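What follows is a short report on a single structure.
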Amino acid sequence: MKGLYTAVAAAAIFPAVLAKPSKTFNKRADTSVTGSLPTVTTKGNAFMAGDDRFYIRGVDYQPGGSSDLADPIADVDGCRRDVAKFQELGINTIRVYTIDNSADHDECMSMLDDAGIYLALDVNTPDYSINRADPHRSYNDVYLQNVFATVDKFVGYSNTLLFFSANEVINDNLTTNCAPYVKATTRDIKQYIHERGYRKVPVGYSAADVDSNRYEMASYMNCGSDDERSDFFAFNDYSWCDPSSFTQSGWDQKVEQYSNYSIPLFLSEFGCTTNTREFNEIASLYSDDMTPVYSGGLVYEYSNEDNGFGLVEITGSSVRELDDFSTLKDALAATEPPSGDGGARLDNPGPASECPAQSDVWDVEENTLPNLPEPAQRYFDDGAGDGPGLDGDGSQTAGTASESDSDIGSGGDSTSEEGEASTSTGAATSVRVPEFSVGVAPLVCAGMVLASSLFGAALV
Ligand SMILES: *[C@@H]1O[C@H](CO)[C@@H](O)[C@H](O)[C@H]1NC(C)=O
Ligand SMILES: *[C@@H]1O[C@H](CO)[C@@H](O)[C@H](O)[C@H]1NC(C)=O
């Protein structure tokens, strides 16, 4: 009851404060940022580091392989061993797939920062992720707590480049029913970042190399209102197998097909090993054939594991360079991205995508999104608290699932009880409006606060 009184009184007396009314009563988030690298933002369909266009020139980093559940950047010695090699390679980004959100990362993040290297981070772990076999049940508050706790740990480093909200959840024609849960998670991370007052680390999905529904997924993640659209989209692509070319690989068609895509796009894994790798795709990826639409990519992968994609062989504290290491190093050294904006649509990226229609390869029946699982609301207000790390009990059957859906484009009822978008819908505008812009947010948040206060009161 007190909550209701307070909210109504605040609404009457301080209407201008309504944009973030709950902040008054919240535990404050630590919103400071450390590190020397400039933070990276998105602008139109590009990433920007300050005034300069930023291209991802990186490698995927998972020493031990995907079956070894380890956090490589919680391992200071391993990090020191490998950062020297990253520098030698001439990269500016690593992707880490598994993070222990109970561990300390200051030392490794600082070494990476000193070496001019950013982190692209997956916020899921095998036990805390959307389960393809039961996406509805696995999208719950315990899952989101782990995700948000990871965000808490990494937003404060200026070299945290981006968060992958999920990785390869949809991996064939039969798993597209998971897409609404991936999109909802993306929306929730963006809202969490907003509610906690953090810097806007870009959030998006990394799609599997599945030709049949890649474009649908890309469109889906970029349709609807701005608060639920991704900040970028990435996909894995092994279609360039040397000897090849821009046209032979089909990359020309992937430029044409995405030529109007309005958010940054990049390859989250590439580097086909069918034949000896020459890494000729580097010259193509960072040429103006590609840069109007793509912002670079990540070579799979740094260390050699059972599947044989490595650039180096790690044995304890020693690292041996394989042939692919120097091939990639030479290819990167020989390839400067175009100067200037590289043909990106910085100021006028075009409209949001249309949500894809249901089809044989896209089984999303109605364009609705699950709303935030109710108990997760408190993380927006109070912070997520400590993460369970890699030894937690897992989330896939834990907690409380989402109890309702709302239409795509409504922003979900976590931001608006009335189903209003938090800004103009992207589809109707030609320029992407920053979400939660001051002019619109007060209305939206007022509805939310009043509704949640009423709900709270009803429970008393
Ligand atoms: C997925 O659907 C497409 C189009 O119907 C088809 O060409 C492709 O073989 C299917 N892929 C799988 C793995 O079933
Ligand atoms: C991109 O947009 C232009 C202008 O609206 C349109 O003519 C063109 O067909 C679009 N291209 C693709 C690949 O959708």
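Letters A, B, ... go to the chains of the structure tokens in the order shown; residues in each chain start at 1; ligands are counted from 1 in the same order.
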
message = Using only C-alpha atoms, which protein or nucleic acid residues come within 7 Å of Arg137 (chain A)? Drop anything in the same chain fewer than 3 positions from it, and give the result as a list in words.
response = Asp134, Asn140, Gln396, Thr397 and Ala401 of chain A

message = Could you list, as a count of residues only, all residues that come within 8 Å of ligand 1? Count only C-alpha atoms and all ligand atoms.
response = 7

query = What separation in Å, quoted to one decimal, exists between CA of Ser165 (chain A) and CA of Lys183 (chain A)?
reply = 8.5 Å

Could you list, as an mmCIF file with N, CA and C atoms, in the first residue's frame, every residue within 7 Å of region 53-63 of chain A, counting only C-alpha atoms and ignoring same-chain residues fewer than 2 positions away?
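And here is the file that came out, part38.cif:
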data_model
loop_
_atom_site.group_PDB
_atom_site.id
_atom_site.type_symbol
_atom_site.label_atom_id
_atom_site.label_comp_id
_atom_site.auth_asym_id
_atom_site.auth_seq_id
_atom_site.Cartn_x
_atom_site.Cartn_y
_atom_site.Cartn_z
ATOM 1 N N ALA A 46 26.697 0.784 -38.307
ATOM 2 C CA ALA A 46 28.129 0.636 -38.014
ATOM 3 C C ALA A 46 28.387 0.709 -36.516
ATOM 4 N N PHE A 47 29.558 0.211 -36.139
ATOM 5 C CA PHE A 47 30.087 0.448 -34.791
ATOM 6 C C PHE A 47 31.029 1.643 -34.871
ATOM 7 N N MET A 48 31.070 2.405 -33.785
ATOM 8 C CA MET A 48 31.944 3.572 -33.739
ATOM 9 C C MET A 48 32.774 3.551 -32.464
ATOM 10 N N ALA A 49 34.063 3.851 -32.597
ATOM 11 C CA ALA A 49 34.924 4.102 -31.444
ATOM 12 C C ALA A 49 35.243 5.585 -31.505
ATOM 13 N N ASP A 51 34.868 9.007 -32.937
ATOM 14 C CA ASP A 51 34.381 9.468 -34.241
ATOM 15 C C ASP A 51 34.743 8.519 -35.377
ATOM 16 N N GLY A 65 38.184 -25.781 -25.771
ATOM 17 C CA GLY A 65 37.063 -26.167 -26.617
ATOM 18 C C GLY A 65 35.723 -25.993 -25.926
ATOM 19 N N SER A 66 34.658 -26.245 -26.678
ATOM 20 C CA SER A 66 33.326 -25.971 -26.147
ATOM 21 C C SER A 66 32.910 -26.983 -25.085
ATOM 22 N N PRO A 72 38.153 -18.493 -19.825
ATOM 23 C CA PRO A 72 39.562 -18.229 -20.143
ATOM 24 C C PRO A 72 40.060 -16.883 -19.624
ATOM 25 N N ILE A 91 45.084 -8.341 -33.826
ATOM 26 C CA ILE A 91 43.621 -8.284 -33.713
ATOM 27 C C ILE A 91 43.203 -7.201 -32.724
ATOM 28 N N ASN A 92 41.910 -6.838 -32.785
ATOM 29 C CA ASN A 92 41.402 -5.854 -31.818
ATOM 30 C C ASN A 92 40.249 -6.383 -30.978
ATOM 31 N N THR A 93 39.870 -7.664 -31.176
ATOM 32 C CA THR A 93 38.713 -8.213 -30.459
ATOM 33 C C THR A 93 38.903 -9.709 -30.223
ATOM 34 N N ILE A 94 38.492 -10.176 -29.044
ATOM 35 C CA ILE A 94 38.310 -11.617 -28.848
ATOM 36 C C ILE A 94 36.859 -11.854 -28.442
ATOM 37 N N ARG A 95 36.380 -13.040 -28.807
ATOM 38 C CA ARG A 95 35.061 -13.465 -28.340
ATOM 39 C C ARG A 95 35.257 -14.564 -27.315
ATOM 40 N N VAL A 96 34.575 -14.430 -26.186
ATOM 41 C CA VAL A 96 34.601 -15.458 -25.151
ATOM 42 C C VAL A 96 33.198 -16.026 -25.003
ATOM 43 N N TYR A 97 33.079 -17.366 -25.061
ATOM 44 C CA TYR A 97 31.785 -18.040 -25.083
ATOM 45 C C TYR A 97 31.247 -18.375 -23.696
ATOM 46 N N SER A 295 30.695 -5.242 -40.648
ATOM 47 C CA SER A 295 31.677 -4.586 -39.771
ATOM 48 C C SER A 295 32.752 -5.556 -39.308
ATOM 49 N N GLY A 296 33.195 -6.432 -40.218
ATOM 50 C CA GLY A 296 34.292 -7.333 -39.899
ATOM 51 C C GLY A 296 33.813 -8.647 -39.323
ATOM 52 N N GLY A 297 34.688 -9.281 -38.546
ATOM 53 C CA GLY A 297 34.312 -10.580 -38.019
ATOM 54 C C GLY A 297 35.395 -11.212 -37.165
ATOM 55 N N LEU A 298 35.082 -12.430 -36.715
ATOM 56 C CA LEU A 298 35.915 -13.176 -35.777
ATOM 57 C C LEU A 298 36.306 -14.515 -36.398
ATOM 58 N N VAL A 299 37.594 -14.766 -36.460
ATOM 59 C CA VAL A 299 38.077 -16.038 -37.000
ATOM 60 C C VAL A 299 37.909 -17.123 -35.934
ATOM 61 N N TYR A 300 37.343 -18.227 -36.356
ATOM 62 C CA TYR A 300 37.207 -19.388 -35.491
ATOM 63 C C TYR A 300 38.385 -20.308 -35.776
ATOM 64 N N GLU A 301 39.269 -20.530 -34.820
ATOM 65 C CA GLU A 301 39.349 -20.000 -33.502
ATOM 66 C C GLU A 301 40.801 -19.968 -33.054
ATOM 67 N N TYR A 302 41.099 -19.377 -31.940
ATOM 68 C CA TYR A 302 42.478 -19.183 -31.508
ATOM 69 C C TYR A 302 43.211 -20.506 -31.244
ATOM 70 N N SER A 303 42.701 -21.285 -30.328
ATOM 71 C CA SER A 303 43.439 -22.496 -29.926
ATOM 72 C C SER A 303 42.950 -23.726 -30.686
ATOM 73 N N ASP A 341 33.972 6.385 -43.570
ATOM 74 C CA ASP A 341 32.868 5.570 -43.025
ATOM 75 C C ASP A 341 32.725 4.219 -43.725
#

inquiry  = as JSON, numbers by chain, please: the residues near Asp30 (chain A) (cut-off 10 Å, only C-alpha atoms, same-chain neighbours under 3 positions excluded).
reply    = {"A": [27, 33, 152, 155, 156, 196, 197, 198]}

How would the residues just chosen look if you wrote them out with C-alpha atoms as a compact mmCIF listing (two decimals), in the first residue's frame?
# COMPACT_ATOMS: atom_id res chain seq x y z
CA LYS A 27 19.96 0.19 -4.68
CA VAL A 33 33.71 2.69 -16.44
CA ASP A 152 26.88 -6.29 -14.02
CA VAL A 155 29.62 -3.16 -18.28
CA GLY A 156 32.24 -1.34 -16.24
CA ARG A 196 20.54 0.28 -14.05
CA GLY A 197 21.87 3.42 -15.69
CA TYR A 198 24.74 1.60 -17.39

ask   = Got a sec to check which residues lie within 10 Å of ligand 2, using only C-alpha atoms and all ligand atoms, and send them as JSON, numbers by chain?
value = {"A": [253, 254, 255, 256, 257, 258, 259, 260, 261, 350, 351, 353]}

For N, CA and C atoms, I'd like the residues from the last selection saved as a short mmCIF file (atom, residue, chain, number, x, y, z; two decimals), in the first residue's frame.
data_model
loop_
_atom_site.label_atom_id
_atom_site.label_comp_id
_atom_site.auth_asym_id
_atom_site.auth_seq_id
_atom_site.Cartn_x
_atom_site.Cartn_y
_atom_site.Cartn_z
N GLN A 253 26.29 -12.08 -52.65
CA GLN A 253 24.84 -12.14 -52.45
C GLN A 253 24.44 -11.77 -51.03
N LYS A 254 25.33 -12.10 -50.09
CA LYS A 254 25.02 -11.74 -48.70
C LYS A 254 25.23 -10.25 -48.44
N VAL A 255 25.93 -9.60 -49.32
CA VAL A 255 25.98 -8.14 -49.24
C VAL A 255 24.69 -7.57 -49.84
N GLU A 256 24.33 -8.09 -51.00
CA GLU A 256 23.12 -7.61 -51.67
C GLU A 256 21.87 -7.83 -50.80
N GLN A 257 21.76 -9.04 -50.25
CA GLN A 257 20.56 -9.38 -49.49
C GLN A 257 20.38 -8.49 -48.26
N TYR A 258 21.49 -8.12 -47.64
CA TYR A 258 21.42 -7.31 -46.41
C TYR A 258 21.69 -5.83 -46.67
N SER A 259 21.61 -5.44 -47.94
CA SER A 259 22.05 -4.08 -48.27
C SER A 259 21.21 -3.00 -47.60
N ASN A 260 20.00 -3.33 -47.17
CA ASN A 260 19.17 -2.33 -46.47
C ASN A 260 19.09 -2.59 -44.97
N TYR A 261 19.84 -3.56 -44.49
CA TYR A 261 19.72 -3.92 -43.08
C TYR A 261 20.21 -2.75 -42.23
N GLY A 350 18.07 3.61 -42.77
CA GLY A 350 16.84 3.02 -43.30
C GLY A 350 15.98 2.45 -42.21
N PRO A 351 14.81 1.96 -42.58
CA PRO A 351 13.83 1.50 -41.59
C PRO A 351 14.21 0.18 -40.94
N SER A 353 13.50 -3.73 -39.97
CA SER A 353 13.07 -4.79 -40.88
C SER A 353 11.58 -5.10 -40.66
#

With region 373-395 of chain A as the partner and 10 Å as the cut-off, tabulate the residues of region 85-119 of chain A that qualify, each row holding the nearest pair of atoms and their distance in Å to one decimal, using only C-alpha atoms, sorted by chain and rising number, as JSON lines.
{"residue": "A:Thr98", "atom": "CA", "partner": "A:Leu390", "partner_atom": "CA", "distance": 8.8}
{"residue": "A:Ile99", "atom": "CA", "partner": "A:Gly389", "partner_atom": "CA", "distance": 7.7}
{"residue": "A:Asp100", "atom": "CA", "partner": "A:Gly389", "partner_atom": "CA", "distance": 4.5}
{"residue": "A:Asn101", "atom": "CA", "partner": "A:Gly389", "partner_atom": "CA", "distance": 4.8}
{"residue": "A:Ser102", "atom": "CA", "partner": "A:Gly389", "partner_atom": "CA", "distance": 4.6}
{"residue": "A:Ala103", "atom": "CA", "partner": "A:Gly389", "partner_atom": "CA", "distance": 7.1}

Could you write out that same residue set with C-alpha atoms as a short mmCIF file (atom, residue, chain, number, x, y, z; two decimals), in the first residue's frame?
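Written out: again07.cif:
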data_model
loop_
_atom_site.label_atom_id
_atom_site.label_comp_id
_atom_site.auth_asym_id
_atom_site.auth_seq_id
_atom_site.Cartn_x
_atom_site.Cartn_y
_atom_site.Cartn_z
CA THR A 98 31.74 -19.01 -21.42
CA ILE A 99 32.15 -16.71 -18.46
CA ASP A 100 32.26 -17.44 -14.74
CA ASN A 101 30.29 -14.53 -13.36
CA SER A 102 31.44 -15.25 -9.82
CA ALA A 103 35.11 -14.81 -10.78
#

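Put simply, CA of Met217 (chain A) is 25.8 Å away from CA of Thr273 (chain A).
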
key: Contact residues around Thr160 (chain A) with only C-alpha atoms at 10 Å, ignoring same-chain residues under 3 positions, as a VMD selection string   = chain A and resid 35 37 39 to 40 93 109 113 117 to 121 151 154 to 157 163 201 to 202

Take the residues from that selection and write them out as a PDB file, in the first residue's frame, keeping N, CA and C atoms.
ATOM      1  N   GLY A  35      39.250   1.662 -17.798  1.00  0.00           N
ATOM      2  CA  GLY A  35      39.956   1.206 -18.994  1.00  0.00           C
ATOM      3  C   GLY A  35      40.344   2.397 -19.850  1.00  0.00           C
ATOM      4  N   LEU A  37      40.672   2.171 -23.417  1.00  0.00           N
ATOM      5  CA  LEU A  37      40.132   2.136 -24.779  1.00  0.00           C
ATOM      6  C   LEU A  37      38.826   2.908 -24.840  1.00  0.00           C
ATOM      7  N   THR A  39      35.040   3.550 -25.490  1.00  0.00           N
ATOM      8  CA  THR A  39      33.899   2.632 -25.569  1.00  0.00           C
ATOM      9  C   THR A  39      33.353   2.653 -26.995  1.00  0.00           C
ATOM     10  N   VAL A  40      32.810   1.511 -27.397  1.00  0.00           N
ATOM     11  CA  VAL A  40      32.272   1.392 -28.753  1.00  0.00           C
ATOM     12  C   VAL A  40      30.754   1.497 -28.696  1.00  0.00           C
ATOM     13  N   THR A  93      39.870  -7.664 -31.176  1.00  0.00           N
ATOM     14  CA  THR A  93      38.713  -8.213 -30.459  1.00  0.00           C
ATOM     15  C   THR A  93      38.903  -9.709 -30.223  1.00  0.00           C
ATOM     16  N   MET A 109      41.124  -8.291 -18.085  1.00  0.00           N
ATOM     17  CA  MET A 109      40.509  -7.205 -18.854  1.00  0.00           C
ATOM     18  C   MET A 109      41.479  -6.032 -18.991  1.00  0.00           C
ATOM     19  N   ASP A 113      42.995  -4.554 -22.373  1.00  0.00           N
ATOM     20  CA  ASP A 113      42.885  -3.110 -22.613  1.00  0.00           C
ATOM     21  C   ASP A 113      44.243  -2.530 -23.023  1.00  0.00           C
ATOM     22  N   ILE A 117      42.668  -4.467 -27.064  1.00  0.00           N
ATOM     23  CA  ILE A 117      41.749  -5.542 -27.451  1.00  0.00           C
ATOM     24  C   ILE A 117      40.425  -5.457 -26.684  1.00  0.00           C
ATOM     25  N   TYR A 118      39.351  -5.559 -27.452  1.00  0.00           N
ATOM     26  CA  TYR A 118      37.991  -5.542 -26.905  1.00  0.00           C
ATOM     27  C   TYR A 118      37.483  -6.971 -26.692  1.00  0.00           C
ATOM     28  N   LEU A 119      36.426  -7.051 -25.877  1.00  0.00           N
ATOM     29  CA  LEU A 119      35.799  -8.340 -25.575  1.00  0.00           C
ATOM     30  C   LEU A 119      34.373  -8.379 -26.107  1.00  0.00           C
ATOM     31  N   ALA A 120      34.072  -9.401 -26.919  1.00  0.00           N
ATOM     32  CA  ALA A 120      32.700  -9.710 -27.316  1.00  0.00           C
ATOM     33  C   ALA A 120      32.278 -10.907 -26.473  1.00  0.00           C
ATOM     34  N   LEU A 121      31.261 -10.739 -25.661  1.00  0.00           N
ATOM     35  CA  LEU A 121      30.981 -11.729 -24.620  1.00  0.00           C
ATOM     36  C   LEU A 121      29.609 -12.375 -24.742  1.00  0.00           C
ATOM     37  N   VAL A 151      26.154  -9.215 -16.979  1.00  0.00           N
ATOM     38  CA  VAL A 151      26.161  -7.828 -17.458  1.00  0.00           C
ATOM     39  C   VAL A 151      26.767  -6.919 -16.387  1.00  0.00           C
ATOM     40  N   PHE A 154      30.549  -6.883 -16.364  1.00  0.00           N
ATOM     41  CA  PHE A 154      31.341  -6.467 -17.530  1.00  0.00           C
ATOM     42  C   PHE A 154      31.039  -5.077 -18.092  1.00  0.00           C
ATOM     43  N   VAL A 155      29.913  -4.486 -17.697  1.00  0.00           N
ATOM     44  CA  VAL A 155      29.616  -3.160 -18.275  1.00  0.00           C
ATOM     45  C   VAL A 155      30.645  -2.119 -17.878  1.00  0.00           C
ATOM     46  N   GLY A 156      31.327  -2.342 -16.761  1.00  0.00           N
ATOM     47  CA  GLY A 156      32.244  -1.336 -16.241  1.00  0.00           C
ATOM     48  C   GLY A 156      33.599  -1.294 -16.937  1.00  0.00           C
ATOM     49  N   TYR A 157      33.882  -2.250 -17.799  1.00  0.00           N
ATOM     50  CA  TYR A 157      35.144  -2.220 -18.545  1.00  0.00           C
ATOM     51  C   TYR A 157      34.910  -1.497 -19.876  1.00  0.00           C
ATOM     52  N   PHE A 163      27.553  -7.583 -26.010  1.00  0.00           N
ATOM     53  CA  PHE A 163      27.043  -8.814 -25.397  1.00  0.00           C
ATOM     54  C   PHE A 163      26.275  -9.615 -26.442  1.00  0.00           C
ATOM     55  N   VAL A 201      26.118  -0.800 -23.712  1.00  0.00           N
ATOM     56  CA  VAL A 201      26.890  -1.826 -24.417  1.00  0.00           C
ATOM     57  C   VAL A 201      25.937  -2.474 -25.442  1.00  0.00           C
ATOM     58  N   PRO A 202      26.351  -2.555 -26.714  1.00  0.00           N
ATOM     59  CA  PRO A 202      25.463  -3.147 -27.727  1.00  0.00           C
ATOM     60  C   PRO A 202      25.112  -4.617 -27.419  1.00  0.00           C
TER      61      PRO A 202
END
